[in-house]
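> If you scroll down you'll find the structure; I have some questions about it.
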Amino acid sequence: MSRYSEESDLEISKADLGKIQLEDAIDLFLSGKRISVITLAGAADGIFSGLLKEQENSSVAEDTWSHIEDVREKTGLAYAGKRTKSNVFNEWNEHRNRLKHHDKRDEDFIIFSAFDAAYNAIQRAILDAEKLGITLKNRQELENWLIENIYM
């Protein structure tokens, strides 16, 4: 029981927790609040990735890396440059991590496209949610917004 309110403790599955975080991230994205989207969608994707791994399934990030390795192996080309898996995953998570953490090695300012980082975080989380069979209440609203504002 909470010490600060009369509310009962919350018992929630990790899948539902990730779903709520992602739906909230989409709502924030649609309202133009991009910064918090990156962290919230990243948290949801972290849950979804863990659930997929627990099911012995791969996340979208893992699938993408596997594709990069397949192309490298089949063509002999330096597809995605000479980056390692660790380098690539760090690049993909750079903005999320820089928004959450600060240490003495970091600069005091960050320059990045909040829109692009938020969009990418949401898309990655959505794809992992779909692999888990999770349906989002505001998925169509996001698609409509993207069609009206980006794709047209």
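Ligands are numbered from 1 in the order shown, residues from 1 within each chain, and chains are lettered A, B, ... in the order they appear in the structure tokens.
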Using only C-alpha atoms, which protein or nucleic acid residues come within 8 Å of region 61-68 of chain A? Drop anything in the same chain fewer than 2 positions from it, and give the result as a ChimeraX atom specification.

/A:58-59,70-72,79-80,85,89,124

> If we count only C-alpha atoms and set the cut-off at 10 Å, which residues sit around region 27-40 of chain A, ignoring sequence neighbours fewer than 3 positions away in its own chain? Please answer as a ChimeraX atom specification.

/A:18,20-24,43-46,93,95-100,113-122,125,138-139,141-142,145-146

> Write the residues of the preceding selection, restricted to N, CA and C atoms, as a compact mmCIF listing (two decimals), in the first residue's frame.


# COMPACT_ATOMS: atom_id res chain seq x y z
N GLY A 18 4.73 -1.96 -20.95
CA GLY A 18 5.32 -1.47 -22.19
C GLY A 18 4.29 -0.87 -23.12
N ILE A 20 1.41 0.56 -22.28
CA ILE A 20 1.00 1.86 -21.76
C ILE A 20 2.07 2.91 -22.06
N GLN A 21 3.34 2.55 -21.85
CA GLN A 21 4.42 3.50 -22.12
C GLN A 21 4.44 3.89 -23.59
N LEU A 22 4.27 2.93 -24.48
CA LEU A 22 4.30 3.23 -25.90
C LEU A 22 3.09 4.05 -26.33
N GLU A 23 1.91 3.71 -25.83
CA GLU A 23 0.73 4.51 -26.16
C GLU A 23 0.89 5.95 -25.65
N ASP A 24 1.45 6.12 -24.45
CA ASP A 24 1.71 7.46 -23.94
C ASP A 24 2.74 8.19 -24.80
N ALA A 43 11.97 2.99 -23.37
CA ALA A 43 11.68 2.12 -22.22
C ALA A 43 10.73 0.99 -22.63
N ALA A 44 9.71 1.34 -23.40
CA ALA A 44 8.76 0.33 -23.88
C ALA A 44 9.49 -0.70 -24.74
N ASP A 45 10.34 -0.21 -25.63
CA ASP A 45 11.07 -1.13 -26.50
C ASP A 45 12.02 -2.01 -25.71
N GLY A 46 12.61 -1.47 -24.65
CA GLY A 46 13.46 -2.28 -23.79
C GLY A 46 12.69 -3.44 -23.18
N ASN A 93 20.89 3.76 -30.02
CA ASN A 93 20.40 4.16 -28.70
C ASN A 93 21.04 5.44 -28.17
N HIS A 95 20.73 8.76 -28.66
CA HIS A 95 19.92 9.88 -28.18
C HIS A 95 19.15 9.51 -26.92
N ARG A 96 18.59 8.32 -26.90
CA ARG A 96 17.87 7.88 -25.71
C ARG A 96 18.79 7.90 -24.49
N ASN A 97 19.99 7.37 -24.66
CA ASN A 97 20.92 7.31 -23.54
C ASN A 97 21.42 8.69 -23.13
N ARG A 98 21.68 9.55 -24.10
CA ARG A 98 22.17 10.89 -23.76
C ARG A 98 21.09 11.73 -23.10
N LEU A 99 19.83 11.43 -23.35
CA LEU A 99 18.74 12.14 -22.69
C LEU A 99 18.53 11.64 -21.26
N LYS A 100 18.94 10.44 -20.98
CA LYS A 100 18.71 9.85 -19.65
C LYS A 100 19.89 10.02 -18.71
N SER A 113 18.06 15.85 -34.05
CA SER A 113 16.69 16.04 -34.49
C SER A 113 15.77 15.29 -33.52
N ALA A 114 15.08 16.03 -32.68
CA ALA A 114 14.17 15.40 -31.72
C ALA A 114 13.05 14.67 -32.46
N PHE A 115 12.59 15.23 -33.58
CA PHE A 115 11.54 14.57 -34.36
C PHE A 115 12.02 13.22 -34.85
N ASP A 116 13.18 13.19 -35.51
CA ASP A 116 13.69 11.93 -36.06
C ASP A 116 13.94 10.90 -34.97
N ALA A 117 14.54 11.31 -33.87
CA ALA A 117 14.83 10.37 -32.78
C ALA A 117 13.54 9.83 -32.17
N ALA A 118 12.54 10.69 -32.00
CA ALA A 118 11.25 10.26 -31.45
C ALA A 118 10.54 9.31 -32.42
N TYR A 119 10.53 9.68 -33.70
CA TYR A 119 9.90 8.83 -34.72
C TYR A 119 10.55 7.45 -34.75
N ASN A 120 11.88 7.42 -34.78
CA ASN A 120 12.59 6.13 -34.83
C ASN A 120 12.34 5.30 -33.57
N ALA A 121 12.31 5.92 -32.41
CA ALA A 121 12.06 5.20 -31.16
C ALA A 121 10.66 4.58 -31.16
N ILE A 122 9.69 5.34 -31.62
CA ILE A 122 8.32 4.83 -31.69
C ILE A 122 8.22 3.68 -32.69
N ALA A 125 9.75 0.48 -31.33
CA ALA A 125 8.92 -0.10 -30.28
C ALA A 125 7.64 -0.71 -30.86
N ASN A 138 -3.86 3.61 -30.10
CA ASN A 138 -3.69 4.83 -30.88
C ASN A 138 -2.78 4.64 -32.10
N ARG A 139 -2.61 3.41 -32.51
CA ARG A 139 -1.75 3.11 -33.67
C ARG A 139 -2.30 3.75 -34.93
N GLU A 141 -4.31 6.30 -35.20
CA GLU A 141 -4.21 7.76 -35.08
C GLU A 141 -2.81 8.22 -35.49
N LEU A 142 -1.79 7.49 -35.06
CA LEU A 142 -0.42 7.81 -35.46
C LEU A 142 -0.25 7.66 -36.97
N TRP A 145 -1.81 10.55 -38.77
CA TRP A 145 -1.00 11.75 -38.61
C TRP A 145 0.21 11.70 -39.55
N LEU A 146 0.87 10.55 -39.60
CA LEU A 146 2.04 10.41 -40.46
C LEU A 146 1.68 10.59 -41.93

> Return the single residue from A:Leu127, A:Val88, A:Leu136, A:Ile147 that is closest to Lys19 (chain A), with distances computed using only C-alpha atoms.

A:Leu136

> For the helix (DSSP H, G or I) assignment from backbone DSSP, which residues of region 17-108 of chain A qualify? Please present them as a PDB file with N, CA and C atoms, in the first residue's frame.


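Output file result.pdb is given in full below:
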ATOM      1  N   LEU A  17       2.689  -2.928 -19.237  1.00  0.00           N
ATOM      2  CA  LEU A  17       3.464  -1.750 -18.874  1.00  0.00           C
ATOM      3  C   LEU A  17       4.108  -1.130 -20.117  1.00  0.00           C
ATOM      4  N   GLY A  18       4.732  -1.959 -20.953  1.00  0.00           N
ATOM      5  CA  GLY A  18       5.323  -1.467 -22.192  1.00  0.00           C
ATOM      6  C   GLY A  18       4.285  -0.873 -23.120  1.00  0.00           C
ATOM      7  N   LYS A  19       3.119  -1.520 -23.181  1.00  0.00           N
ATOM      8  CA  LYS A  19       2.031  -1.015 -24.029  1.00  0.00           C
ATOM      9  C   LYS A  19       1.597   0.376 -23.579  1.00  0.00           C
ATOM     10  N   ILE A  20       1.406   0.559 -22.283  1.00  0.00           N
ATOM     11  CA  ILE A  20       1.003   1.864 -21.760  1.00  0.00           C
ATOM     12  C   ILE A  20       2.075   2.907 -22.058  1.00  0.00           C
ATOM     13  N   GLN A  21       3.337   2.554 -21.849  1.00  0.00           N
ATOM     14  CA  GLN A  21       4.421   3.501 -22.121  1.00  0.00           C
ATOM     15  C   GLN A  21       4.444   3.893 -23.590  1.00  0.00           C
ATOM     16  N   LEU A  22       4.267   2.928 -24.478  1.00  0.00           N
ATOM     17  CA  LEU A  22       4.301   3.225 -25.904  1.00  0.00           C
ATOM     18  C   LEU A  22       3.091   4.049 -26.333  1.00  0.00           C
ATOM     19  N   GLU A  23       1.914   3.714 -25.827  1.00  0.00           N
ATOM     20  CA  GLU A  23       0.726   4.514 -26.160  1.00  0.00           C
ATOM     21  C   GLU A  23       0.889   5.949 -25.646  1.00  0.00           C
ATOM     22  N   ASP A  24       1.449   6.116 -24.451  1.00  0.00           N
ATOM     23  CA  ASP A  24       1.707   7.461 -23.940  1.00  0.00           C
ATOM     24  C   ASP A  24       2.738   8.186 -24.804  1.00  0.00           C
ATOM     25  N   ALA A  25       3.756   7.460 -25.264  1.00  0.00           N
ATOM     26  CA  ALA A  25       4.769   8.060 -26.142  1.00  0.00           C
ATOM     27  C   ALA A  25       4.130   8.537 -27.447  1.00  0.00           C
ATOM     28  N   ILE A  26       3.231   7.742 -27.990  1.00  0.00           N
ATOM     29  CA  ILE A  26       2.543   8.138 -29.229  1.00  0.00           C
ATOM     30  C   ILE A  26       1.696   9.377 -28.985  1.00  0.00           C
ATOM     31  N   ASP A  27       0.969   9.410 -27.874  1.00  0.00           N
ATOM     32  CA  ASP A  27       0.169  10.600 -27.547  1.00  0.00           C
ATOM     33  C   ASP A  27       1.050  11.847 -27.432  1.00  0.00           C
ATOM     34  N   LEU A  28       2.190  11.715 -26.776  1.00  0.00           N
ATOM     35  CA  LEU A  28       3.117  12.842 -26.660  1.00  0.00           C
ATOM     36  C   LEU A  28       3.648  13.265 -28.024  1.00  0.00           C
ATOM     37  N   PHE A  29       3.978  12.288 -28.860  1.00  0.00           N
ATOM     38  CA  PHE A  29       4.476  12.579 -30.206  1.00  0.00           C
ATOM     39  C   PHE A  29       3.439  13.383 -30.989  1.00  0.00           C
ATOM     40  N   LEU A  30       2.199  12.932 -30.940  1.00  0.00           N
ATOM     41  CA  LEU A  30       1.129  13.600 -31.680  1.00  0.00           C
ATOM     42  C   LEU A  30       0.863  15.007 -31.157  1.00  0.00           C
ATOM     43  N   ARG A  34       8.286  15.969 -28.291  1.00  0.00           N
ATOM     44  CA  ARG A  34       9.165  14.933 -28.831  1.00  0.00           C
ATOM     45  C   ARG A  34      10.210  14.398 -27.852  1.00  0.00           C
ATOM     46  N   ILE A  35      10.763  15.219 -26.984  1.00  0.00           N
ATOM     47  CA  ILE A  35      11.877  14.800 -26.132  1.00  0.00           C
ATOM     48  C   ILE A  35      11.493  13.613 -25.246  1.00  0.00           C
ATOM     49  N   SER A  36      10.385  13.730 -24.535  1.00  0.00           N
ATOM     50  CA  SER A  36       9.973  12.653 -23.631  1.00  0.00           C
ATOM     51  C   SER A  36       9.608  11.380 -24.383  1.00  0.00           C
ATOM     52  N   VAL A  37       9.189  11.522 -25.621  1.00  0.00           N
ATOM     53  CA  VAL A  37       8.849  10.363 -26.446  1.00  0.00           C
ATOM     54  C   VAL A  37      10.039   9.413 -26.563  1.00  0.00           C
ATOM     55  N   ILE A  38      11.209   9.978 -26.748  1.00  0.00           N
ATOM     56  CA  ILE A  38      12.409   9.174 -26.986  1.00  0.00           C
ATOM     57  C   ILE A  38      12.671   8.247 -25.798  1.00  0.00           C
ATOM     58  N   THR A  39      12.602   8.794 -24.602  1.00  0.00           N
ATOM     59  CA  THR A  39      12.846   7.996 -23.406  1.00  0.00           C
ATOM     60  C   THR A  39      11.723   7.000 -23.164  1.00  0.00           C
ATOM     61  N   LEU A  40      10.482   7.434 -23.300  1.00  0.00           N
ATOM     62  CA  LEU A  40       9.334   6.576 -23.010  1.00  0.00           C
ATOM     63  C   LEU A  40       9.204   5.437 -24.020  1.00  0.00           C
ATOM     64  N   ALA A  41       9.337   5.744 -25.296  1.00  0.00           N
ATOM     65  CA  ALA A  41       9.279   4.686 -26.315  1.00  0.00           C
ATOM     66  C   ALA A  41      10.473   3.755 -26.174  1.00  0.00           C
ATOM     67  N   GLY A  42      11.635   4.305 -25.817  1.00  0.00           N
ATOM     68  CA  GLY A  42      12.819   3.474 -25.590  1.00  0.00           C
ATOM     69  C   GLY A  42      12.629   2.520 -24.427  1.00  0.00           C
ATOM     70  N   ALA A  43      11.968   2.988 -23.367  1.00  0.00           N
ATOM     71  CA  ALA A  43      11.685   2.119 -22.217  1.00  0.00           C
ATOM     72  C   ALA A  43      10.730   0.990 -22.629  1.00  0.00           C
ATOM     73  N   ALA A  44       9.710   1.340 -23.402  1.00  0.00           N
ATOM     74  CA  ALA A  44       8.763   0.328 -23.878  1.00  0.00           C
ATOM     75  C   ALA A  44       9.489  -0.700 -24.743  1.00  0.00           C
ATOM     76  N   ASP A  45      10.339  -0.214 -25.630  1.00  0.00           N
ATOM     77  CA  ASP A  45      11.068  -1.132 -26.503  1.00  0.00           C
ATOM     78  C   ASP A  45      12.022  -2.012 -25.706  1.00  0.00           C
ATOM     79  N   GLY A  46      12.607  -1.470 -24.648  1.00  0.00           N
ATOM     80  CA  GLY A  46      13.464  -2.279 -23.795  1.00  0.00           C
ATOM     81  C   GLY A  46      12.694  -3.439 -23.177  1.00  0.00           C
ATOM     82  N   ILE A  47      11.474  -3.170 -22.737  1.00  0.00           N
ATOM     83  CA  ILE A  47      10.622  -4.234 -22.192  1.00  0.00           C
ATOM     84  C   ILE A  47      10.281  -5.239 -23.290  1.00  0.00           C
ATOM     85  N   PHE A  48       9.834  -4.736 -24.437  1.00  0.00           N
ATOM     86  CA  PHE A  48       9.445  -5.632 -25.526  1.00  0.00           C
ATOM     87  C   PHE A  48      10.616  -6.494 -25.995  1.00  0.00           C
ATOM     88  N   SER A  49      11.787  -5.886 -26.112  1.00  0.00           N
ATOM     89  CA  SER A  49      12.974  -6.649 -26.526  1.00  0.00           C
ATOM     90  C   SER A  49      13.277  -7.755 -25.531  1.00  0.00           C
ATOM     91  N   GLY A  50      13.170  -7.450 -24.246  1.00  0.00           N
ATOM     92  CA  GLY A  50      13.407  -8.457 -23.212  1.00  0.00           C
ATOM     93  C   GLY A  50      12.390  -9.575 -23.262  1.00  0.00           C
ATOM     94  N   LEU A  51      11.132  -9.237 -23.492  1.00  0.00           N
ATOM     95  CA  LEU A  51      10.085 -10.260 -23.599  1.00  0.00           C
ATOM     96  C   LEU A  51      10.307 -11.148 -24.825  1.00  0.00           C
ATOM     97  N   LEU A  52      10.705 -10.518 -25.935  1.00  0.00           N
ATOM     98  CA  LEU A  52      10.990 -11.303 -27.137  1.00  0.00           C
ATOM     99  C   LEU A  52      12.152 -12.259 -26.895  1.00  0.00           C
ATOM    100  N   LYS A  53      13.195 -11.778 -26.259  1.00  0.00           N
ATOM    101  CA  LYS A  53      14.357 -12.618 -25.960  1.00  0.00           C
ATOM    102  C   LYS A  53      13.951 -13.782 -25.058  1.00  0.00           C
ATOM    103  N   GLU A  54      13.113 -13.490 -24.066  1.00  0.00           N
ATOM    104  CA  GLU A  54      12.624 -14.527 -23.159  1.00  0.00           C
ATOM    105  C   GLU A  54      11.859 -15.612 -23.923  1.00  0.00           C
ATOM    106  N   VAL A  60      13.465  -6.294 -33.324  1.00  0.00           N
ATOM    107  CA  VAL A  60      13.669  -5.689 -34.640  1.00  0.00           C
ATOM    108  C   VAL A  60      15.113  -5.234 -34.796  1.00  0.00           C
ATOM    109  N   ALA A  61      15.704  -4.721 -33.731  1.00  0.00           N
ATOM    110  CA  ALA A  61      17.109  -4.314 -33.796  1.00  0.00           C
ATOM    111  C   ALA A  61      18.000  -5.511 -34.099  1.00  0.00           C
ATOM    112  N   GLU A  62      17.732  -6.633 -33.433  1.00  0.00           N
ATOM    113  CA  GLU A  62      18.501  -7.858 -33.697  1.00  0.00           C
ATOM    114  C   GLU A  62      18.288  -8.336 -35.131  1.00  0.00           C
ATOM    115  N   ASP A  63      17.043  -8.274 -35.609  1.00  0.00           N
ATOM    116  CA  ASP A  63      16.746  -8.664 -36.994  1.00  0.00           C
ATOM    117  C   ASP A  63      17.510  -7.787 -37.983  1.00  0.00           C
ATOM    118  N   THR A  64      17.551  -6.500 -37.713  1.00  0.00           N
ATOM    119  CA  THR A  64      18.260  -5.574 -38.589  1.00  0.00           C
ATOM    120  C   THR A  64      19.746  -5.895 -38.619  1.00  0.00           C
ATOM    121  N   TRP A  65      20.324  -6.151 -37.443  1.00  0.00           N
ATOM    122  CA  TRP A  65      21.741  -6.500 -37.403  1.00  0.00           C
ATOM    123  C   TRP A  65      22.001  -7.805 -38.149  1.00  0.00           C
ATOM    124  N   SER A  66      21.124  -8.787 -38.004  1.00  0.00           N
ATOM    125  CA  SER A  66      21.273 -10.060 -38.729  1.00  0.00           C
ATOM    126  C   SER A  66      21.265  -9.829 -40.230  1.00  0.00           C
ATOM    127  N   HIS A  67      20.395  -8.921 -40.680  1.00  0.00           N
ATOM    128  CA  HIS A  67      20.345  -8.591 -42.110  1.00  0.00           C
ATOM    129  C   HIS A  67      21.671  -7.978 -42.566  1.00  0.00           C
ATOM    130  N   ILE A  68      22.211  -7.074 -41.766  1.00  0.00           N
ATOM    131  CA  ILE A  68      23.497  -6.453 -42.100  1.00  0.00           C
ATOM    132  C   ILE A  68      24.572  -7.530 -42.229  1.00  0.00           C
ATOM    133  N   GLU A  69      24.620  -8.450 -41.290  1.00  0.00           N
ATOM    134  CA  GLU A  69      25.616  -9.531 -41.337  1.00  0.00           C
ATOM    135  C   GLU A  69      25.410 -10.423 -42.556  1.00  0.00           C
ATOM    136  N   ASP A  70      24.139 -10.723 -42.899  1.00  0.00           N
ATOM    137  CA  ASP A  70      23.851 -11.551 -44.074  1.00  0.00           C
ATOM    138  C   ASP A  70      24.359 -10.883 -45.349  1.00  0.00           C
ATOM    139  N   VAL A  71      24.098  -9.589 -45.485  1.00  0.00           N
ATOM    140  CA  VAL A  71      24.547  -8.862 -46.680  1.00  0.00           C
ATOM    141  C   VAL A  71      26.072  -8.869 -46.741  1.00  0.00           C
ATOM    142  N   ARG A  72      26.725  -8.632 -45.620  1.00  0.00           N
ATOM    143  CA  ARG A  72      28.191  -8.653 -45.582  1.00  0.00           C
ATOM    144  C   ARG A  72      28.722 -10.016 -46.018  1.00  0.00           C
ATOM    145  N   GLU A  73      28.119 -11.070 -45.488  1.00  0.00           N
ATOM    146  CA  GLU A  73      28.587 -12.422 -45.787  1.00  0.00           C
ATOM    147  C   GLU A  73      28.361 -12.789 -47.255  1.00  0.00           C
ATOM    148  N   LYS A  74      27.193 -12.459 -47.782  1.00  0.00           N
ATOM    149  CA  LYS A  74      26.847 -12.841 -49.154  1.00  0.00           C
ATOM    150  C   LYS A  74      27.572 -12.012 -50.208  1.00  0.00           C
ATOM    151  N   THR A  75      27.852 -10.736 -49.893  1.00  0.00           N
ATOM    152  CA  THR A  75      28.430  -9.858 -50.906  1.00  0.00           C
ATOM    153  C   THR A  75      29.906  -9.551 -50.691  1.00  0.00           C
ATOM    154  N   LYS A  85      28.477  -4.840 -34.071  1.00  0.00           N
ATOM    155  CA  LYS A  85      27.119  -4.869 -33.524  1.00  0.00           C
ATOM    156  C   LYS A  85      27.012  -3.903 -32.341  1.00  0.00           C
ATOM    157  N   SER A  86      27.989  -3.920 -31.477  1.00  0.00           N
ATOM    158  CA  SER A  86      27.984  -3.031 -30.312  1.00  0.00           C
ATOM    159  C   SER A  86      27.976  -1.569 -30.739  1.00  0.00           C
ATOM    160  N   ASN A  87      28.785  -1.217 -31.739  1.00  0.00           N
ATOM    161  CA  ASN A  87      28.821   0.162 -32.243  1.00  0.00           C
ATOM    162  C   ASN A  87      27.460   0.580 -32.791  1.00  0.00           C
ATOM    163  N   VAL A  88      26.862  -0.299 -33.569  1.00  0.00           N
ATOM    164  CA  VAL A  88      25.576   0.012 -34.199  1.00  0.00           C
ATOM    165  C   VAL A  88      24.489   0.185 -33.143  1.00  0.00           C
ATOM    166  N   PHE A  89      24.418  -0.720 -32.187  1.00  0.00           N
ATOM    167  CA  PHE A  89      23.395  -0.612 -31.145  1.00  0.00           C
ATOM    168  C   PHE A  89      23.610   0.658 -30.320  1.00  0.00           C
ATOM    169  N   ASN A  90      24.860   1.003 -30.054  1.00  0.00           N
ATOM    170  CA  ASN A  90      25.136   2.255 -29.340  1.00  0.00           C
ATOM    171  C   ASN A  90      24.684   3.461 -30.149  1.00  0.00           C
ATOM    172  N   GLU A  91      24.892   3.431 -31.465  1.00  0.00           N
ATOM    173  CA  GLU A  91      24.426   4.518 -32.330  1.00  0.00           C
ATOM    174  C   GLU A  91      22.905   4.614 -32.299  1.00  0.00           C
ATOM    175  N   TRP A  92      22.231   3.468 -32.416  1.00  0.00           N
ATOM    176  CA  TRP A  92      20.769   3.461 -32.427  1.00  0.00           C
ATOM    177  C   TRP A  92      20.190   3.975 -31.112  1.00  0.00           C
ATOM    178  N   GLU A  94      21.862   6.079 -28.982  1.00  0.00           N
ATOM    179  CA  GLU A  94      22.626   7.235 -28.521  1.00  0.00           C
ATOM    180  C   GLU A  94      21.752   8.333 -27.931  1.00  0.00           C
ATOM    181  N   HIS A  95      20.727   8.759 -28.658  1.00  0.00           N
ATOM    182  CA  HIS A  95      19.921   9.881 -28.184  1.00  0.00           C
ATOM    183  C   HIS A  95      19.151   9.512 -26.923  1.00  0.00           C
ATOM    184  N   ARG A  96      18.593   8.322 -26.901  1.00  0.00           N
ATOM    185  CA  ARG A  96      17.867   7.876 -25.711  1.00  0.00           C
ATOM    186  C   ARG A  96      18.793   7.896 -24.494  1.00  0.00           C
ATOM    187  N   ASN A  97      19.985   7.365 -24.656  1.00  0.00           N
ATOM    188  CA  ASN A  97      20.918   7.306 -23.539  1.00  0.00           C
ATOM    189  C   ASN A  97      21.418   8.691 -23.128  1.00  0.00           C
ATOM    190  N   ARG A  98      21.681   9.552 -24.098  1.00  0.00           N
ATOM    191  CA  ARG A  98      22.165  10.892 -23.761  1.00  0.00           C
ATOM    192  C   ARG A  98      21.088  11.732 -23.096  1.00  0.00           C
ATOM    193  N   LEU A  99      19.830  11.425 -23.352  1.00  0.00           N
ATOM    194  CA  LEU A  99      18.742  12.138 -22.692  1.00  0.00           C
ATOM    195  C   LEU A  99      18.528  11.644 -21.265  1.00  0.00           C
ATOM    196  N   LYS A 100      18.942  10.437 -20.983  1.00  0.00           N
ATOM    197  CA  LYS A 100      18.712   9.853 -19.655  1.00  0.00           C
ATOM    198  C   LYS A 100      19.892  10.015 -18.706  1.00  0.00           C
TER     199      LYS A 100
END

> Have a look at A:Glu143, A:Ile110, A:Asp9, A:Tyr4 and name the one nearest to Ile126 (chain A); count only C-alpha atoms.

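With only C-alpha atoms as the atom set, the closest residue is A:Glu143.
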
> Work out how far apart CA of Lys14 (chain A) and CA of Asn57 (chain A) are and give it in Å to one decimal.

16.4 Å
